[in-house]
Each structure stands twice: as C-alpha cells, then as structure tokens.
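K.L.:
See upload-v3.txt below, with compact mmCIF, C-alpha atoms.
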```
# COMPACT_ATOMS: atom_id res chain seq x y z
CA MET H 1 -37.13 -28.60 8.80
CA ALA H 2 -40.71 -29.84 8.33
CA LEU H 3 -41.15 -31.44 4.93
CA ASP H 4 -44.28 -32.35 3.02
CA VAL H 5 -42.98 -35.52 1.41
CA GLU H 6 -45.69 -35.65 -1.22
CA GLN H 7 -45.07 -32.09 -2.39
CA PHE H 8 -41.33 -32.58 -2.23
CA TYR H 9 -41.64 -35.71 -4.37
CA LYS H 10 -43.91 -33.96 -6.88
CA ARG H 11 -41.25 -31.35 -7.48
CA TYR H 12 -38.14 -33.51 -7.40
CA GLY H 13 -39.28 -37.11 -7.87
CA PRO H 14 -39.16 -37.19 -11.69
CA MET H 15 -35.68 -35.65 -11.71
CA VAL H 16 -34.41 -38.22 -9.19
CA LEU H 17 -36.04 -41.06 -11.08
CA ARG H 18 -34.48 -39.97 -14.36
CA ARG H 19 -31.09 -39.73 -12.67
CA CYS H 20 -31.45 -43.25 -11.29
CA GLN H 21 -32.62 -44.55 -14.66
CA ARG H 22 -29.67 -42.97 -16.41
CA LEU H 23 -27.22 -44.59 -14.01
CA LEU H 24 -28.92 -47.94 -13.38
CA ARG H 25 -30.58 -48.42 -16.79
CA ASP H 26 -33.38 -50.48 -15.38
CA PRO H 27 -36.81 -48.94 -14.66
CA GLU H 28 -37.60 -51.18 -11.70
CA ARG H 29 -34.24 -50.80 -10.05
CA ALA H 30 -34.37 -47.08 -10.72
CA ALA H 31 -37.77 -46.72 -9.05
CA ASP H 32 -36.52 -48.71 -6.08
CA ALA H 33 -33.43 -46.52 -5.81
CA MET H 34 -35.49 -43.36 -6.16
CA HIS H 35 -37.53 -44.28 -3.06
CA ASP H 36 -34.34 -44.86 -1.12
CA VAL H 37 -32.91 -41.52 -2.21
CA PHE H 38 -35.85 -39.81 -0.55
CA VAL H 39 -35.49 -41.99 2.55
CA GLU H 40 -31.86 -40.95 2.76
CA ILE H 41 -32.65 -37.28 2.21
CA LEU H 42 -35.32 -37.36 4.92
CA ARG H 43 -32.86 -39.04 7.27
CA ARG H 44 -30.56 -36.08 7.01
CA LYS H 45 -33.00 -33.37 6.17
CA GLU H 46 -30.91 -30.80 8.07
CA ALA H 47 -28.78 -30.74 4.95
CA LEU H 48 -31.74 -29.22 3.11
CA THR H 49 -31.07 -25.77 4.40
CA ASP H 50 -30.79 -24.01 1.09
CA ASP H 51 -33.61 -23.34 -1.31
CA ALA H 52 -32.11 -25.37 -4.15
CA PRO H 53 -32.01 -28.98 -3.00
CA SER H 54 -31.81 -30.44 -6.50
CA SER H 55 -28.02 -30.57 -6.26
CA LEU H 56 -28.12 -32.52 -3.00
CA LEU H 57 -30.75 -34.89 -4.42
CA LEU H 58 -28.78 -35.53 -7.60
CA CYS H 59 -25.54 -36.17 -5.71
CA THR H 60 -27.33 -38.46 -3.25
CA ALA H 61 -28.90 -40.36 -6.15
CA THR H 62 -25.50 -40.66 -7.80
CA ASN H 63 -23.89 -42.07 -4.66
CA LEU H 64 -26.74 -44.47 -4.07
CA CYS H 65 -26.71 -45.72 -7.66
CA LEU H 66 -22.96 -46.25 -7.52
CA ASN H 67 -23.57 -48.46 -4.48
CA ARG H 68 -26.23 -50.41 -6.34
CA LEU H 69 -24.01 -50.84 -9.38
CA ARG H 70 -21.25 -52.11 -7.16
CA SER H 71 -23.56 -54.78 -5.78
CA ALA H 72 -24.92 -55.74 -9.18
CA ARG H 73 -21.61 -56.20 -10.99
CA ARG H 74 -23.30 -56.82 -14.30
CA LYS H 75 -21.52 -56.74 -17.61
CA PRO H 76 -21.37 -53.20 -19.03
CA GLU H 77 -23.23 -52.72 -22.30
CA ASP H 78 -21.39 -49.66 -23.55
CA LYS H 79 -18.53 -47.31 -22.80
CA ASP H 80 -20.50 -45.09 -20.40
CA GLU H 81 -21.70 -48.04 -18.40
CA GLU H 82 -18.21 -49.47 -18.32
CA LEU H 83 -16.93 -46.21 -16.85
CA LEU H 84 -19.71 -46.17 -14.27
CA MET H 85 -19.00 -49.75 -13.27
CA GLN H 86 -15.34 -48.90 -12.88
CA ILE H 87 -16.15 -45.97 -10.64
CA ALA H 88 -18.62 -48.03 -8.63
CA SER H 89 -16.24 -50.94 -8.21
CA ALA H 90 -13.44 -48.60 -7.36
CA GLU H 91 -15.00 -47.64 -4.06
CA ASP H 92 -15.60 -51.20 -2.86
CA PRO H 93 -12.88 -52.20 -0.43
CA ALA H 94 -14.11 -55.78 -0.21
CA GLY H 95 -14.86 -56.52 -3.83
CA PRO H 96 -13.42 -59.26 -5.97
CA ALA H 97 -10.73 -58.91 -8.59
CA ALA H 98 -12.55 -56.26 -10.60
CA ALA H 99 -12.66 -54.02 -7.58
CA ARG H 100 -8.98 -54.38 -6.98
CA SER H 101 -8.25 -52.61 -10.21
CA LEU H 102 -6.17 -49.56 -10.80
CA LEU H 103 -9.12 -47.31 -10.13
CA THR H 104 -9.82 -49.07 -6.86
CA ARG H 105 -6.42 -48.19 -5.55
CA ILE H 106 -6.92 -44.59 -6.55
CA PHE H 107 -10.41 -44.06 -5.30
CA ARG H 108 -10.09 -45.87 -2.02
CA SER H 109 -7.58 -43.32 -0.82
CA GLU H 110 -9.67 -40.40 -1.99
CA LYS H 111 -12.48 -38.69 -0.14
CA ALA H 112 -15.96 -40.19 -0.43
CA SER H 113 -17.12 -37.60 -2.92
CA THR H 114 -14.55 -38.64 -5.50
CA GLY H 115 -16.97 -41.10 -7.03
CA THR H 116 -19.53 -38.34 -7.49
CA ILE H 117 -16.92 -35.94 -8.83
CA ALA H 118 -15.77 -38.58 -11.31
CA VAL H 119 -19.32 -39.24 -12.51
CA LEU H 120 -20.15 -35.55 -12.86
CA HIS H 121 -17.02 -34.78 -14.82
CA LEU H 122 -16.34 -37.93 -16.77
CA LEU H 123 -19.85 -39.18 -17.44
CA ASP H 124 -22.14 -36.18 -17.19
CA GLY H 125 -19.70 -33.88 -18.93
CA LEU H 126 -19.74 -31.03 -16.44
CA THR H 127 -16.80 -28.69 -16.59
CA LEU H 128 -14.44 -28.38 -13.64
CA GLU H 129 -16.13 -25.12 -12.67
CA GLU H 130 -19.54 -26.74 -12.76
CA VAL H 131 -18.38 -29.75 -10.76
CA ALA H 132 -16.84 -27.46 -8.17
CA GLY H 133 -20.14 -25.66 -7.78
CA GLU H 134 -22.06 -28.91 -7.41
CA VAL H 135 -19.84 -30.51 -4.78
CA GLY H 136 -19.05 -27.33 -2.87
CA MET H 137 -15.34 -27.27 -3.58
CA SER H 138 -13.08 -24.72 -5.18
CA VAL H 139 -12.21 -25.18 -8.84
CA SER H 140 -8.57 -25.53 -7.89
CA GLY H 141 -9.56 -28.21 -5.37
CA VAL H 142 -11.41 -30.21 -8.01
CA ARG H 143 -8.63 -29.67 -10.54
CA LYS H 144 -6.02 -30.73 -8.03
CA ARG H 145 -8.03 -33.81 -7.08
CA LEU H 146 -8.34 -34.87 -10.71
CA ARG H 147 -4.73 -34.05 -11.49
CA LEU H 148 -3.48 -36.11 -8.56
CA LEU H 149 -5.81 -38.85 -9.67
CA LYS H 150 -4.26 -38.88 -13.13
CA GLU H 151 -0.72 -38.71 -11.77
CA ARG H 152 -1.30 -41.56 -9.41
CA ALA H 153 -3.02 -43.56 -12.12
CA ALA H 154 0.08 -43.12 -14.25
CA GLU H 155 2.36 -44.09 -11.36
CA LEU H 156 0.31 -47.16 -10.56
CA GLU H 157 0.25 -48.16 -14.18
CA ASP H 158 4.03 -47.93 -14.24
CA VAL H 159 4.41 -50.28 -11.29
CA SER H 160 1.69 -52.76 -12.27
CA MET D 161 -17.34 -25.57 -24.43
CA THR D 162 -19.45 -23.92 -27.12
CA ASP D 163 -20.14 -27.11 -29.04
CA ARG D 164 -21.06 -29.38 -26.20
CA ARG D 165 -24.59 -30.43 -25.46
CA LEU D 166 -25.92 -29.08 -22.16
CA PRO D 167 -25.49 -31.94 -19.67
CA GLU D 168 -28.73 -33.53 -18.48
CA TYR D 169 -27.64 -32.81 -14.94
CA LEU D 170 -27.64 -29.05 -15.57
CA LEU D 171 -30.77 -29.23 -17.68
CA GLU D 172 -32.63 -30.73 -14.71
CA ARG D 173 -31.50 -27.95 -12.42
CA LEU D 174 -32.26 -25.32 -15.03
CA ALA D 175 -35.79 -26.66 -15.44
CA LEU D 176 -36.33 -26.39 -11.69
CA GLY D 177 -34.97 -22.84 -11.64
CA GLU D 178 -32.29 -23.90 -9.17
CA LEU D 179 -29.15 -23.04 -11.07
CA PRO D 180 -27.29 -19.95 -9.85
CA LYS D 181 -28.07 -16.89 -11.97
CA ASP D 182 -24.91 -16.87 -14.08
CA ALA D 183 -24.99 -20.62 -14.60
CA ALA D 184 -28.65 -20.43 -15.62
CA ARG D 185 -27.88 -17.74 -18.18
CA ALA D 186 -25.01 -19.76 -19.61
CA ALA D 187 -27.19 -22.87 -19.75
CA GLN D 188 -29.98 -20.98 -21.54
CA GLU D 189 -27.51 -19.67 -24.10
CA GLN D 190 -26.11 -23.10 -24.63
CA LEU D 191 -29.57 -24.58 -25.13
CA ALA D 192 -30.34 -21.88 -27.68
CA ARG D 193 -27.24 -22.83 -29.65
CA GLU D 194 -28.03 -26.55 -29.62
CA PRO D 195 -30.06 -28.03 -32.47
CA GLY D 196 -33.39 -28.87 -30.85
CA GLY D 197 -32.18 -27.40 -27.58
CA GLY D 198 -35.41 -25.56 -26.89
CA GLU D 199 -37.35 -28.79 -27.14
CA ARG D 200 -35.34 -30.41 -24.38
CA LEU D 201 -37.06 -28.40 -21.64
CA ASN D 202 -40.47 -29.26 -23.05
CA ALA D 203 -39.50 -32.91 -23.24
CA LEU D 204 -38.43 -32.79 -19.60
CA ARG D 205 -41.80 -31.39 -18.55
CA ALA D 206 -43.60 -34.07 -20.51
CA SER D 207 -41.43 -36.67 -18.83
CA ASP D 208 -42.30 -35.20 -15.41
CA ALA D 209 -46.00 -35.65 -16.09
CA GLU D 210 -45.53 -39.17 -17.37
CA LEU D 211 -43.39 -40.28 -14.43
CA LEU D 212 -45.73 -38.74 -11.87
CA ALA D 213 -48.61 -40.59 -13.48
CA ARG D 214 -46.67 -43.84 -13.38
CA HIS D 215 -45.51 -43.28 -9.80
CA PRO D 216 -48.30 -41.29 -8.10
CA PRO D 217 -47.17 -38.98 -5.28
CA GLN D 218 -49.48 -40.45 -2.67
CA ALA D 219 -48.30 -44.01 -3.30
CA VAL D 220 -44.65 -42.97 -3.38
CA ALA D 221 -44.98 -40.97 -0.15
CA SER D 222 -46.54 -44.01 1.56
CA GLU D 223 -43.76 -46.26 0.34
CA ILE D 224 -41.12 -43.79 1.52
CA ALA D 225 -42.76 -43.67 4.95
CA ARG D 226 -42.84 -47.48 5.08
CA ARG D 227 -39.16 -47.69 4.16
CA ARG D 228 -38.22 -45.11 6.76
CA ARG D 229 -39.92 -47.19 9.45
CA ALA D 230 -38.22 -50.32 8.14
CA VAL D 231 -34.81 -48.66 8.24
CA ILE D 232 -35.28 -47.77 11.90
CA VAL D 233 -36.32 -51.33 12.78
CA GLN D 234 -33.43 -52.69 10.74
CA LEU D 235 -30.97 -50.47 12.60
CA ARG D 236 -32.23 -51.73 15.92
CA ARG D 237 -31.95 -55.32 14.77
CA ARG D 238 -28.46 -54.74 13.47
CA ARG D 239 -27.46 -53.42 16.84
CA ALA D 240 -29.02 -56.43 18.51
CA ALA D 241 -27.22 -58.82 16.19
CA TRP D 242 -23.98 -57.07 16.85
CA LEU D 243 -24.48 -57.57 20.55
CA ALA D 244 -24.81 -61.32 20.20
CA ALA D 245 -21.23 -61.51 19.05
CA THR D 246 -19.65 -59.02 21.40
CA ALA D 247 -21.70 -58.13 24.43
CA GLY D 248 -20.35 -60.87 26.63
CA ALA D 249 -16.76 -59.91 26.10
CA PHE D 250 -17.58 -56.22 26.30
CA ALA D 251 -19.50 -56.55 29.55
CA ALA D 252 -16.66 -58.48 31.14
CA VAL D 253 -14.23 -55.70 30.37
CA VAL D 254 -16.65 -52.98 31.39
CA VAL D 255 -16.86 -54.53 34.84
CA ALA D 256 -13.12 -54.17 35.11
CA VAL D 257 -13.22 -50.46 34.33
CA VAL D 258 -13.26 -48.25 37.42
CA LEU D 259 -16.60 -46.52 37.79
CA ARG D 260 -15.91 -42.80 37.98
CA PRO D 261 -18.78 -40.52 36.94
CA GLY D 262 -17.06 -37.52 35.41
CA PRO D 263 -17.37 -33.96 36.60
CA GLU D 264 -18.72 -32.81 33.22
CA GLN D 265 -21.61 -35.21 33.22
CA THR D 266 -24.87 -33.30 33.17
CA TRP D 267 -27.17 -34.17 36.00
CA ILE D 268 -30.23 -32.17 35.34
CA LYS D 269 -32.33 -33.52 38.13
CA GLY D 270 -32.16 -36.55 40.36
CA ASP D 271 -29.00 -38.53 40.70
CA ALA D 272 -29.37 -41.48 38.37
CA ALA D 273 -26.27 -41.62 36.21
CA LEU D 274 -25.98 -42.47 32.57
CA LEU D 275 -22.66 -44.15 31.88
CA ILE D 276 -21.01 -44.81 28.56
CA TYR D 277 -18.08 -47.06 27.80
CA ARG D 278 -16.27 -47.16 24.51
CA SER D 279 -14.53 -50.11 22.96
CA ARG D 280 -11.79 -49.60 20.39
CA GLY D 281 -10.07 -52.84 19.57
CA ALA D 282 -9.04 -54.45 22.83
CA GLN D 283 -9.35 -51.22 24.80
CA VAL D 284 -12.39 -50.24 26.81
CA GLU D 285 -12.64 -46.85 28.48
CA GLN D 286 -15.31 -45.01 30.36
CA LEU D 287 -16.23 -41.81 28.57
CA GLN D 288 -16.96 -38.49 30.18
CA SER D 289 -19.79 -36.39 28.85
CA GLY D 290 -18.41 -34.19 26.09
CA ALA D 291 -15.96 -36.85 24.96
CA ILE D 292 -15.12 -37.05 21.28
CA ALA D 293 -15.95 -40.25 19.44
CA ARG D 294 -16.05 -41.25 15.83
CA ALA D 295 -18.33 -43.23 13.55
CA GLY D 296 -17.74 -46.93 14.06
CA ASP D 297 -16.84 -46.65 17.75
CA THR D 298 -18.69 -49.22 19.80
CA VAL D 299 -20.29 -47.91 22.94
CA GLN D 300 -21.94 -49.72 25.81
CA LEU D 301 -24.61 -47.80 27.71
CA ALA D 302 -25.21 -48.35 31.40
CA TYR D 303 -27.01 -46.60 34.22
CA ALA D 304 -26.33 -46.43 37.92
CA ARG D 305 -27.87 -45.14 41.14
CA ALA D 306 -31.39 -45.12 39.79
CA HIS D 307 -33.69 -44.33 42.69
CA GLN D 308 -36.80 -44.23 40.59
CA THR D 309 -38.41 -47.43 39.38
CA PHE D 310 -39.10 -46.92 35.70
CA GLY D 311 -36.85 -45.61 32.96
CA ALA D 312 -36.15 -45.18 29.28
CA ILE D 313 -32.97 -44.26 27.44
CA VAL D 314 -33.20 -42.38 24.16
CA SER D 315 -30.67 -40.59 22.02
CA VAL D 316 -30.71 -37.74 19.54
CA ASP D 317 -27.99 -37.38 16.96
CA GLY D 318 -26.73 -34.46 14.93
CA ALA D 319 -28.84 -35.56 11.98
CA GLY D 320 -31.99 -35.29 14.09
CA GLU D 321 -32.51 -39.03 14.35
CA VAL D 322 -34.02 -40.28 17.57
CA THR D 323 -33.26 -43.80 18.80
CA LEU D 324 -34.75 -45.79 21.63
CA HIS D 325 -32.16 -47.83 23.56
CA LEU D 326 -34.14 -48.86 26.64
CA PRO D 327 -36.53 -50.59 26.52
CA GLU D 328 -35.65 -52.54 23.41
CA GLN D 329 -38.95 -51.82 21.74
CA GLU D 330 -41.60 -49.21 22.17
CA GLY D 331 -44.01 -50.06 24.96
CA GLU D 332 -43.83 -49.51 28.68
CA ALA D 333 -40.66 -47.98 30.14
CA ALA D 334 -38.23 -50.53 31.57
CA ARG D 335 -38.26 -51.43 35.25
CA LEU D 336 -34.86 -50.23 36.46
CA THR D 337 -32.43 -52.01 38.71
CA ARG D 338 -32.14 -49.74 41.72
CA ASP D 339 -28.85 -48.63 43.18
CA ALA D 340 -26.69 -50.85 41.02
CA ARG D 341 -24.83 -50.31 37.81
CA THR D 342 -26.65 -52.02 34.99
CA GLU D 343 -25.41 -52.40 31.44
CA LEU D 344 -27.94 -52.40 28.66
CA PRO D 345 -28.17 -55.73 26.88
CA HIS D 346 -27.07 -54.24 23.57
CA ALA D 347 -23.83 -52.51 22.72
CA TYR D 348 -24.21 -49.83 20.07
CA GLN D 349 -22.13 -48.75 17.15
CA LEU D 350 -21.99 -45.02 16.45
CA ASP D 351 -23.01 -44.20 12.93
CA ALA D 352 -21.81 -41.37 10.71
CA ALA D 353 -24.39 -38.83 11.87
CA PRO D 354 -22.53 -35.53 12.16
CA GLY D 355 -21.91 -33.32 15.17
CA PHE D 356 -23.00 -35.20 18.22
CA GLU D 357 -25.00 -37.99 19.81
CA ARG D 358 -26.79 -37.08 23.03
CA PHE D 359 -28.25 -39.71 25.32
CA PHE D 360 -31.02 -39.18 27.86
CA LEU D 361 -32.00 -41.37 30.77
CA VAL D 362 -35.58 -40.53 31.68
CA THR D 363 -36.94 -41.95 34.94
CA SER D 364 -40.14 -41.86 36.93
CA ASP D 365 -41.64 -43.49 39.99
CA SER D 366 -44.72 -44.38 37.97
CA PRO D 367 -44.95 -46.59 34.88
CA PHE D 368 -44.90 -44.58 31.66
CA PRO D 369 -44.81 -45.35 27.96
CA ALA D 370 -41.37 -45.14 26.34
CA SER D 371 -43.07 -43.08 23.66
CA ALA D 372 -43.23 -40.19 26.16
CA ALA D 373 -39.42 -40.02 26.18
CA LEU D 374 -39.26 -40.59 22.44
CA GLU D 375 -41.75 -37.84 21.72
CA ALA D 376 -39.87 -35.37 23.93
CA ALA D 377 -36.64 -36.35 22.18
CA ARG D 378 -38.20 -35.85 18.74
CA LYS D 379 -39.41 -32.39 19.72
CA LEU D 380 -35.94 -31.50 20.94
CA ALA D 381 -34.36 -32.99 17.81
CA ALA D 382 -36.58 -30.76 15.69
CA ARG D 383 -34.93 -27.76 17.35
CA GLY D 384 -31.63 -28.51 15.66
CA ASN D 385 -28.58 -27.44 17.60
CA ALA D 386 -30.60 -26.98 20.79
CA ALA D 387 -30.59 -30.77 21.06
CA ARG D 388 -26.92 -30.55 21.94
CA SER D 389 -27.54 -28.73 25.22
CA GLU D 390 -31.20 -28.28 26.12
CA PRO D 391 -33.09 -30.70 28.39
CA LEU D 392 -36.08 -32.73 27.28
CA ALA D 393 -39.41 -31.06 28.00
CA LEU D 394 -41.01 -33.64 30.27
CA PRO D 395 -44.07 -33.49 32.50
CA LYS D 396 -43.75 -33.17 36.26
CA GLY D 397 -42.64 -36.32 38.03
CA PHE D 398 -39.98 -37.22 35.46
CA GLU D 399 -36.27 -36.90 36.03
CA GLN D 400 -33.57 -36.98 33.41
CA SER D 401 -29.83 -37.15 33.09
CA THR D 402 -27.95 -36.65 29.86
CA PHE D 403 -24.67 -37.57 28.27
CA LEU D 404 -23.16 -35.83 25.27
CA VAL D 405 -20.80 -37.52 22.83
CA LEU D 406 -19.25 -35.20 20.27
CA LYS D 407 -18.53 -36.67 16.85
CA GLU D 408 -15.14 -36.32 15.28
CA SER D 409 -15.29 -34.60 11.89
CA PRO D 410 -14.54 -37.01 9.05
```
Output the structure of this file as structure tokens.

P.N.:
Amino acid sequence: MALDVEQFYKRYGPMVLRRCQRLLRDPERAADAMHDVFVEILRRKEALTDDAPSSLLLCTATNLCLNRLRSARRKPEDKDEELLMQIASAEDPAGPAAARSLLTRIFRSEKASTGTIAVLHLLDGLTLEEVAGEVGMSVSGVRKRLRLLKERAAELEDVS
Amino acid sequence: MTDRRLPEYLLERLALGELPKDAARAAQEQLAREPGGGERLNALRASDAELLARHPPQAVASEIARRRRAVIVQLRRRRAAWLAATAGAFAAVVVAVVLRPGPEQTWIKGDAALLIYRSRGAQVEQLQSGAIARAGDTVQLAYARAHQTFGAIVSVDGAGEVTLHLPEQEGEAARLTRDARTELPHAYQLDAAPGFERFFLVTSDSPFPASAALEAARKLAARGNAARSEPLALPKGFEQSTFLVLKESP
C-alpha cells in the first residue's frame, strides 16, 4: 500500500501525539514516541488494509508508550500513572523487583495485547464491548480474559 | 454507562469519522448529554491545528524517513554484532551437517543453490525450502555451486521489508566463491514479521550493483502475497534461486 507520509501524518499525527502525551506526560518524549509510532506503522503498512487506521495507530501508540514507561521507571504522580506504570512493568520479563509484582506474573502469561486491553478498559474507560471492537476480539473473549486475570490475581494474592 | 464521560480514545475516532456507525451514533448521543460535550470536538480541532503548527508535516515526514533508514542500519548492525558472538561456533556445526539440497528448493534458473541452516539451542539442521520457522530462530545463509562470478542475497518478509544479506552493505555485488559451499559471514535472527521470509540469490557473470537485486525485491514486496511465490523481475543475464521459510503463527 503506497502511503503519502505527510498526508497521513496531517490526518493522524495530532491524534497520535495526544495519545503519547496522555500516556507519557512529557511533550518531548511524546513527540519522540509519535515519530516512532509512524515508523512502526510504515514498517508493517500491510496492516493498514482497512479505511479506519486510527484504531491501529492508537493501539500501536499505546504499546510503544508502555515500552517507554517500562524503560523510564519514574515515580508515578497520580493514580492513573501508577496504573500505567504497573501495566508497563508487568510486561517486562527482565525488570527489577517492581516488575516482578503480582501484575507481572499475570501479564507475562497473557497474550501481548493484554497490556493494551488493560489500558483501554482500566485507564481509558472503554466498555468491554468497545474494547472488543478495538482489539478485534469477541466481547466474551475480552470478558473471559479479564475474568481470568482477576481470578488469577486473587489466587496469586492468596499464595503471596 | 449514561453518566460517563466519552473516553478520549473514542472522541478521537469520532472526530476522524472512523467509528463504526452504531458506535458513532452512541458517542454523539453521549457527547450531547455531557456538560460541555459539544465543545470537546471543537477543542480537538483546535488542538490539531496547534500541534500541526508546532510539528510541521514536512519536518515530521523527514524525521520519520530518517528514523526508518536508521532502523534498517541498526538491524544490520545488530545482526553483525550477533555474529561476533556465535558465528564461529555456528559455522563449525554447519560444516558437520550433511549437505543435501532438498527437492522442494526452487531453482528458477541456473544451478547455484541457496542453503539455510537453523540453530535452535545446540541443534543445527539444514532447512528445506518451505520449512516452518519461528521468530527468534537463528539462521545461517550459505550458497553453493555458484557458476557465475557475482552475486547478491536479499530477502523479503511477510511485512514487506526487504533486507540485503550479501554483500554486507549496498555497493557492488559480492564476488562469489565458485563451486564451493560458502557461508555468509553473518548469522541472522528471524524477526516477528508474519507469514514468511523469502530469500533470493541473484547472480550474474558481470559486476552489478546490489541495488539492482534490492530494487527488484522491493517491487516484488510491494505486490504483497506474490512475494511468497513469484520470481524477481530481473534483466537478462541474471540468474536467481530462492528459498522460502514459512513463519509459525504466534
């Protein structure tokens, strides 16, 4: 798929930048991440087969920002940021003590999109139906994933 | 969910007109119920203009292009660095593997063979074209029975990425070792690109720029799934052999 990067950025760049700013909370880091989101999208531009790529861009930005947060490991300033940091750390198999938390044990055994699902539902406030639509899963699949997550969290809490 | 504020995530997609019809209607209704909801779309548009002014499209597009080039160089370097630690041991084991070009290997023209060995832990095996591999597998490329003097090896993956394996950097095609099996100096780790990775050995009796093979590979890559089976479109005088590695679904 041939892509005019400039036109593509004009349409989607501000949305991606706002997403990165919301998750990273730093204008410079957000701008840096935004560039890399487009690099990543161009690398796998075959995925842009539909005519509504905003969902793919937002999910890619979310994943990328979670990776950046994991590297940064800064002290959360509020509840939302604390949740994000937990989700980010949870997917790091080589992280220090913080990453070996309860959430780490849960997320590491989940599919890669669990981090995005968790952000969409827990931070963005999307309903299960909306999350399902965004990540291309059935509602029951998302519900089951989250239910298992909660059950395992409870089990792990019991043994820890 | 009548009292919740429309999530920013959905607001963005609504503003772009990319929400499915029913979801868009529900989002519009929700915005109408929210205090100041109507203003949120206007605020988003104002933010668009401000951000585009702060990060002009032309400058951003240039920076994206620069980063894309840097990523490709970085990947090549990473592969080279990986070799430093493992190539010696890998090559020693490869020599011990019996050389048996498989019946499924595609020999489009000429008889130079493209050979691929895979290392998983302590095991090294010679792959047949059409073999299934997974992201993280380490493969060593080699060629044998080259009767033409100059050659280049390129690959196309399921994500449309084209990689040059021989020579190491763009420039003139490599001078081949004739009639002997030759391993490339760098082993290569398969990435997570989906579907397949297809390798091409392009040879000629005359010197040629590696970019000729790269360009043909890019054109084929742009044809999507055709890259899995079609030959490279090369001028007269070139020969090619190919090797297909199918990627295991995650």

K.L.:
Which residue is closest to chain H? Choose from D:Thr337, D:Ser207, D:Ser364, D:Gln329 and count all atoms listed in the file.

P.N.:
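Once distances to chain H are computed over all atoms listed in the file, the minimum belongs to D:Ser207.
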
K.L.:
Would you mind reading off the distance between CA of Val142 in chain H and CA of Met15 in chain H, one decimal, in Å?

P.N.:
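Going from CA of Val142 in chain H over to CA of Met15 in chain H, I get 25.1 Å.
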
K.L.:
Counting only C-alpha atoms, collect the residues of chain D whose closest atom lies at most 6 Å from chain H, and write them out as a ChimeraX atom specification.

P.N.:
/D:167,178,208,211,217,221,224,228,319

K.L.:
Set the distance at 12 Å and use all atoms listed in the file: which residues neighbour Ala186 in chain D once local chain neighbours fewer than 3 positions away are removed? I'd like the list as a PyMOL selection string.

P.N.:
(chain H and resi 130) or (chain D and resi 161-162+166+170-171+174+179-183+189-193)

K.L.:
Which residue out of D:Val220, D:Leu274, D:Gly196, D:Pro354 has the minimum interatomic distance to Gly320 in chain D when all atoms listed in the file are used?

P.N.:
D:Pro354

K.L.:
State, in Å with one decimal place, the distance from CA of Pro195 in chain D to CA of Leu57 in chain H.

P.N.:
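Taking CA of Pro195 in chain D as the start and CA of Leu57 in chain H as the end point, the length is 28.9 Å.
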
K.L.:
State, in Å with one decimal place, the distance from CA of Pro369 in chain D to CA of Glu330 in chain D.

P.N.:
7.7 Å

K.L.:
Can you list, as a ChimeraX atom specification, every protein, DNA or RNA residue that comes within 9 Å of Arg378 in chain D when you count all atoms listed in the file, leaving out same-chain residues fewer than 4 positions away?

P.N.:
/D:316,320-322,373-374,382-383

K.L.:
Quick one: residues within 10 Å of range 392-403 of chain D, only C-alpha atoms, excluding same-chain residues fewer than 5 positions away - as JSON, numbers by chain?

P.N.:
{"D": [264, 265, 266, 267, 268, 269, 270, 271, 272, 273, 274, 275, 276, 287, 288, 289, 290, 291, 303, 308, 310, 311, 312, 313, 314, 315, 357, 358, 359, 360, 361, 362, 363, 364, 365, 366, 368, 372, 373, 374, 375, 376, 377, 378, 379, 380, 381, 387]}
